[in-house]
Amino acid sequence: GSIVPRYKTAPGLEGIRAVLRSRLPPYMIPALLEILEGLPVLPSGKVDRKNLPAPRARPAESRRGLVPPRTALERQIAAAWEKLFAPAPVSVRDDFFLELGGHSLLAARMVSELRRQAPLEQLSMLDVYQHPTIEKLAEEFEKRRRAPEPARAAAEFQHIPFWRHFFCGAAQLFSLVFILSFFALQWLTPYLTYTLMMDAGTEEQPMFTTVEAILGAFASLIVLYPVMLLVPIAVKWILIGRYRPDVHPLWGWFYFRWWLATTVEAAVPVAYLTGTPLYNIYLRLMGAKIGRNAHLDGNAFAIYDLLAIGDDSSINADANLLGYTVEDGWLKIGRVTIGRRCFVGARAALRHDTVMEDDSALEDLSLLPRGATIPRGQTWLGSPARPTQAPGTPARDAASLSAFCTAWARFFFRRWWRRRFFQGLSR
């Protein structure tokens, strides 16, 4: 950033940086500040960016409190950081976001480069957010490297025999024939009904007219869809019974039954029920515990017997409450418990073994990690989610305000339409 002081007694760079930190978010603070006597301008009066002086590198000793890298791992990380923030010097205690002006794109570039080097192959964006200095990041990976062998071995991927993978895949391929046929019923049934009704009788005396055949095809859909919704319910109870918190080997017998039950359900247009009381009834029939007046605008549910949603809670669009994950060669199943009057924002996700106590909220695009609990009345935000500084649930307040404005807009629109309609009749 270039600065042209208005007065002769300009504050120092550290003073300017302190003012910027108090008024701007971290990503808007320049990593390097330059004090200039004046800015080059074009004849139009605009700043001539091409003729701005190049940033001057600051010698390492000019920065107060600069701590150079001391270990091989710190030097390895510092080399990547210095490329991103050149020509500014980097201290091992500089915060990537607050003091160096880094942002998510720079962090992604840095993570991508360091993951090519040992022992940082497992570096993630979450590590950078949790350990935003070179010193802390190096300490974290030194701890991981010194971890005892049994703990590291437990996290390794489980070996899957070839025969188990092969036979499960063959069973899935055979099952797809029946699943796709079941999926096609919603188009084949009205067509076949119409054809059979038109072919009934003789050419001289047909049994049904064209209008009656069309109505019959439509009636077949009215009967078909409730029957299709009952099929995944029956399949789930026959193949699975009740889900219980457990860990099952990938490509095993339970995994195949679970896959078959969820795939049959995916072949049914269940998503059209979201946002209606019918969806709550459907989930209860699948084994979920759904409270009164719960509003469910998403359909990402899978482990129904371990899902509990309390009274007056709101699950918004594209929220993910699957209750399972596949990792390390295992299908891991756990509970998802949501209390009363809770709010789950749009595209928010809850891992299994999570709890939201009464009157709590998980904001939009947030992730509640496995084993986490949102205490009563708190609002969490982020990925992974953390408590927000301000108490209360602003997202629910915003949703209530939006619903209030929508209701009034509909009221005034109806009044306007009725007035125009009756004016047209009077003419």
# chains A, B, ... in the order shown; residues from 1 in each chain; ligands from 1
>>> residues_around(residues="region 176-179 of chain A", least_positions_apart="3", cutoff="9 Å", atoms="only C-alpha atoms", output="list in words")
Ala171, Gln172, Leu173, Phe182, Phe183, Ala184, Leu260, Thr263, Val264 and Ala267 of chain A
>>> select_by_dssp(residues="region 244-321 of chain A", states="strand (DSSP E or B)", output="count of residues only")
17
>>> residues_around(residues="region 123-139 of chain A", least_positions_apart="4", cutoff="8 Å", atoms="only C-alpha atoms", output="list in words")
Leu73, Glu74, Ile77, Ala78, Ser91, Val92, Arg93, Asp94, Asp95, Phe96, Phe97, Ala107, Ala108, Val111, Leu114, Arg115 and Lys143 of chain A
>>> write_last_selection(atoms="C-alpha atoms", output="mmCIF file, in the first residue's frame")
data_model
loop_
_atom_site.group_PDB
_atom_site.id
_atom_site.type_symbol
_atom_site.label_atom_id
_atom_site.label_comp_id
_atom_site.auth_asym_id
_atom_site.auth_seq_id
_atom_site.Cartn_x
_atom_site.Cartn_y
_atom_site.Cartn_z
ATOM 1 C CA LEU A 73 10.817 -27.432 9.648
ATOM 2 C CA GLU A 74 10.426 -23.714 10.418
ATOM 3 C CA ILE A 77 7.598 -23.350 6.036
ATOM 4 C CA ALA A 78 9.207 -19.893 6.087
ATOM 5 C CA SER A 91 8.904 -13.691 11.280
ATOM 6 C CA VAL A 92 8.080 -17.129 12.640
ATOM 7 C CA ARG A 93 5.650 -15.375 15.012
ATOM 8 C CA ASP A 94 3.822 -13.361 12.349
ATOM 9 C CA ASP A 95 0.143 -14.241 12.017
ATOM 10 C CA PHE A 96 -0.574 -15.326 8.433
ATOM 11 C CA PHE A 97 -3.848 -13.364 8.337
ATOM 12 C CA ALA A 107 -3.358 -19.928 2.143
ATOM 13 C CA ALA A 108 -4.555 -22.416 -0.490
ATOM 14 C CA VAL A 111 -0.863 -25.416 1.459
ATOM 15 C CA LEU A 114 3.953 -27.436 1.179
ATOM 16 C CA ARG A 115 1.956 -30.642 0.748
ATOM 17 C CA LYS A 143 3.979 -33.282 17.734
#
>>> residues_around(residues="His295 (chain A)", least_positions_apart="3", cutoff="7 Å", atoms="only C-alpha atoms", output="PyMOL selection string")
chain A and resi 275+313-315
>>> residues_around(residues="region 351-365 of chain A", least_positions_apart="3", cutoff="7 Å", atoms="only C-alpha atoms", output="MDAnalysis selection string")
chainID A and resid 321 323:324 333:348 368:381 393 395
>>> write_last_selection(atoms="N, CA and C atoms", output="tab-separated table (two decimals), in the first residue's frame")
chain	number	residue	atom	x	y	z
A	321	LEU	N	-27.61	-33.60	7.38
A	321	LEU	CA	-27.68	-34.32	8.65
A	321	LEU	C	-27.70	-35.82	8.36
A	323	GLY	N	-25.73	-38.34	9.24
A	323	GLY	CA	-25.53	-39.26	10.36
A	323	GLY	C	-24.53	-40.36	10.09
A	324	TYR	N	-23.76	-40.27	9.03
A	324	TYR	CA	-22.75	-41.29	8.74
A	324	TYR	C	-21.59	-40.67	7.98
A	333	ILE	N	-21.41	-44.89	11.74
A	333	ILE	CA	-22.78	-44.44	11.95
A	333	ILE	C	-22.91	-43.89	13.37
A	334	GLY	N	-23.59	-42.77	13.52
A	334	GLY	CA	-23.79	-42.18	14.84
A	334	GLY	C	-25.05	-41.34	14.91
A	335	ARG	N	-25.29	-40.79	16.09
A	335	ARG	CA	-26.51	-40.02	16.34
A	335	ARG	C	-26.36	-38.56	15.92
A	336	VAL	N	-27.48	-37.96	15.52
A	336	VAL	CA	-27.60	-36.52	15.32
A	336	VAL	C	-28.81	-36.07	16.12
A	337	THR	N	-28.57	-35.27	17.14
A	337	THR	CA	-29.64	-34.87	18.06
A	337	THR	C	-29.78	-33.35	18.04
A	338	ILE	N	-30.98	-32.89	17.71
A	338	ILE	CA	-31.29	-31.47	17.66
A	338	ILE	C	-32.44	-31.20	18.62
A	339	GLY	N	-32.26	-30.25	19.51
A	339	GLY	CA	-33.25	-29.95	20.52
A	339	GLY	C	-34.42	-29.13	20.01
A	340	ARG	N	-35.14	-28.55	20.92
A	340	ARG	CA	-36.31	-27.74	20.57
A	340	ARG	C	-35.90	-26.31	20.21
A	341	ARG	N	-36.65	-25.75	19.26
A	341	ARG	CA	-36.46	-24.36	18.82
A	341	ARG	C	-35.04	-24.10	18.33
A	342	CYS	N	-34.46	-25.07	17.67
A	342	CYS	CA	-33.11	-24.93	17.12
A	342	CYS	C	-33.17	-24.45	15.67
A	343	PHE	N	-32.07	-23.91	15.21
A	343	PHE	CA	-31.95	-23.40	13.84
A	343	PHE	C	-30.71	-23.99	13.19
A	344	VAL	N	-30.88	-24.62	12.02
A	344	VAL	CA	-29.76	-25.12	11.22
A	344	VAL	C	-29.82	-24.38	9.89
A	345	GLY	N	-28.79	-23.60	9.58
A	345	GLY	CA	-28.79	-22.73	8.43
A	345	GLY	C	-28.66	-23.46	7.11
A	346	ALA	N	-28.81	-22.70	6.02
A	346	ALA	CA	-28.71	-23.26	4.68
A	346	ALA	C	-27.31	-23.81	4.43
A	347	ARG	N	-27.25	-25.03	3.91
A	347	ARG	CA	-26.00	-25.71	3.56
A	347	ARG	C	-25.08	-25.91	4.77
A	348	ALA	N	-25.64	-25.88	5.94
A	348	ALA	CA	-24.86	-26.25	7.12
A	348	ALA	C	-24.81	-27.77	7.22
A	368	LEU	N	-20.52	-28.54	11.95
A	368	LEU	CA	-20.38	-28.98	13.34
A	368	LEU	C	-19.63	-30.30	13.33
A	369	PRO	N	-18.38	-30.32	13.81
A	369	PRO	CA	-17.56	-31.54	13.70
A	369	PRO	C	-18.07	-32.65	14.60
A	370	ARG	N	-17.59	-33.85	14.32
A	370	ARG	CA	-18.00	-35.03	15.06
A	370	ARG	C	-17.71	-34.89	16.55
A	371	GLY	N	-18.71	-35.27	17.36
A	371	GLY	CA	-18.55	-35.24	18.80
A	371	GLY	C	-18.80	-33.88	19.44
A	372	ALA	N	-19.11	-32.85	18.64
A	372	ALA	CA	-19.29	-31.51	19.19
A	372	ALA	C	-20.72	-31.33	19.71
A	373	THR	N	-20.86	-30.41	20.65
A	373	THR	CA	-22.17	-30.08	21.24
A	373	THR	C	-22.30	-28.57	21.30
A	374	ILE	N	-23.40	-28.05	20.77
A	374	ILE	CA	-23.69	-26.61	20.89
A	374	ILE	C	-24.55	-26.43	22.15
A	375	PRO	N	-24.04	-25.74	23.16
A	375	PRO	CA	-24.81	-25.59	24.40
A	375	PRO	C	-26.10	-24.80	24.18
A	376	ARG	N	-26.96	-24.87	25.12
A	376	ARG	CA	-28.28	-24.23	25.06
A	376	ARG	C	-28.13	-22.72	24.85
A	377	GLY	N	-28.86	-22.20	23.87
A	377	GLY	CA	-28.92	-20.77	23.64
A	377	GLY	C	-27.75	-20.18	22.87
A	378	GLN	N	-26.76	-20.98	22.48
A	378	GLN	CA	-25.59	-20.44	21.78
A	378	GLN	C	-25.76	-20.52	20.27
A	379	THR	N	-25.06	-19.62	19.57
A	379	THR	CA	-25.02	-19.62	18.11
A	379	THR	C	-23.59	-19.90	17.67
A	380	TRP	N	-23.41	-20.90	16.81
A	380	TRP	CA	-22.08	-21.26	16.33
A	380	TRP	C	-21.98	-20.97	14.84
A	381	LEU	N	-20.76	-20.65	14.42
A	381	LEU	CA	-20.53	-20.25	13.03
A	381	LEU	C	-19.15	-20.70	12.59
A	393	THR	N	-29.41	-15.59	18.50
A	393	THR	CA	-29.49	-16.29	17.22
A	393	THR	C	-29.91	-15.30	16.15
A	395	ALA	N	-29.45	-15.31	13.01
A	395	ALA	CA	-29.96	-15.92	11.78
A	395	ALA	C	-31.45	-16.18	11.90
>>> residues_around(residues="His159 (chain A)", least_positions_apart="6", cutoff="10 Å", atoms="only C-alpha atoms", output="list in words")
Pro249, Leu250, Asp328 and Gly329 of chain A
>>> select_by_dssp(residues="region 105-196 of chain A", states="helix (DSSP H, G or I)", output="PyMOL selection string")
chain A and resi 105-114+125-130+134-145+149-154+162-196
>>> closest_residue(among="A:Val90, A:Ala300, A:Leu33, A:Val268", to="Ser181 (chain A)", atoms="only C-alpha atoms")
A:Val268
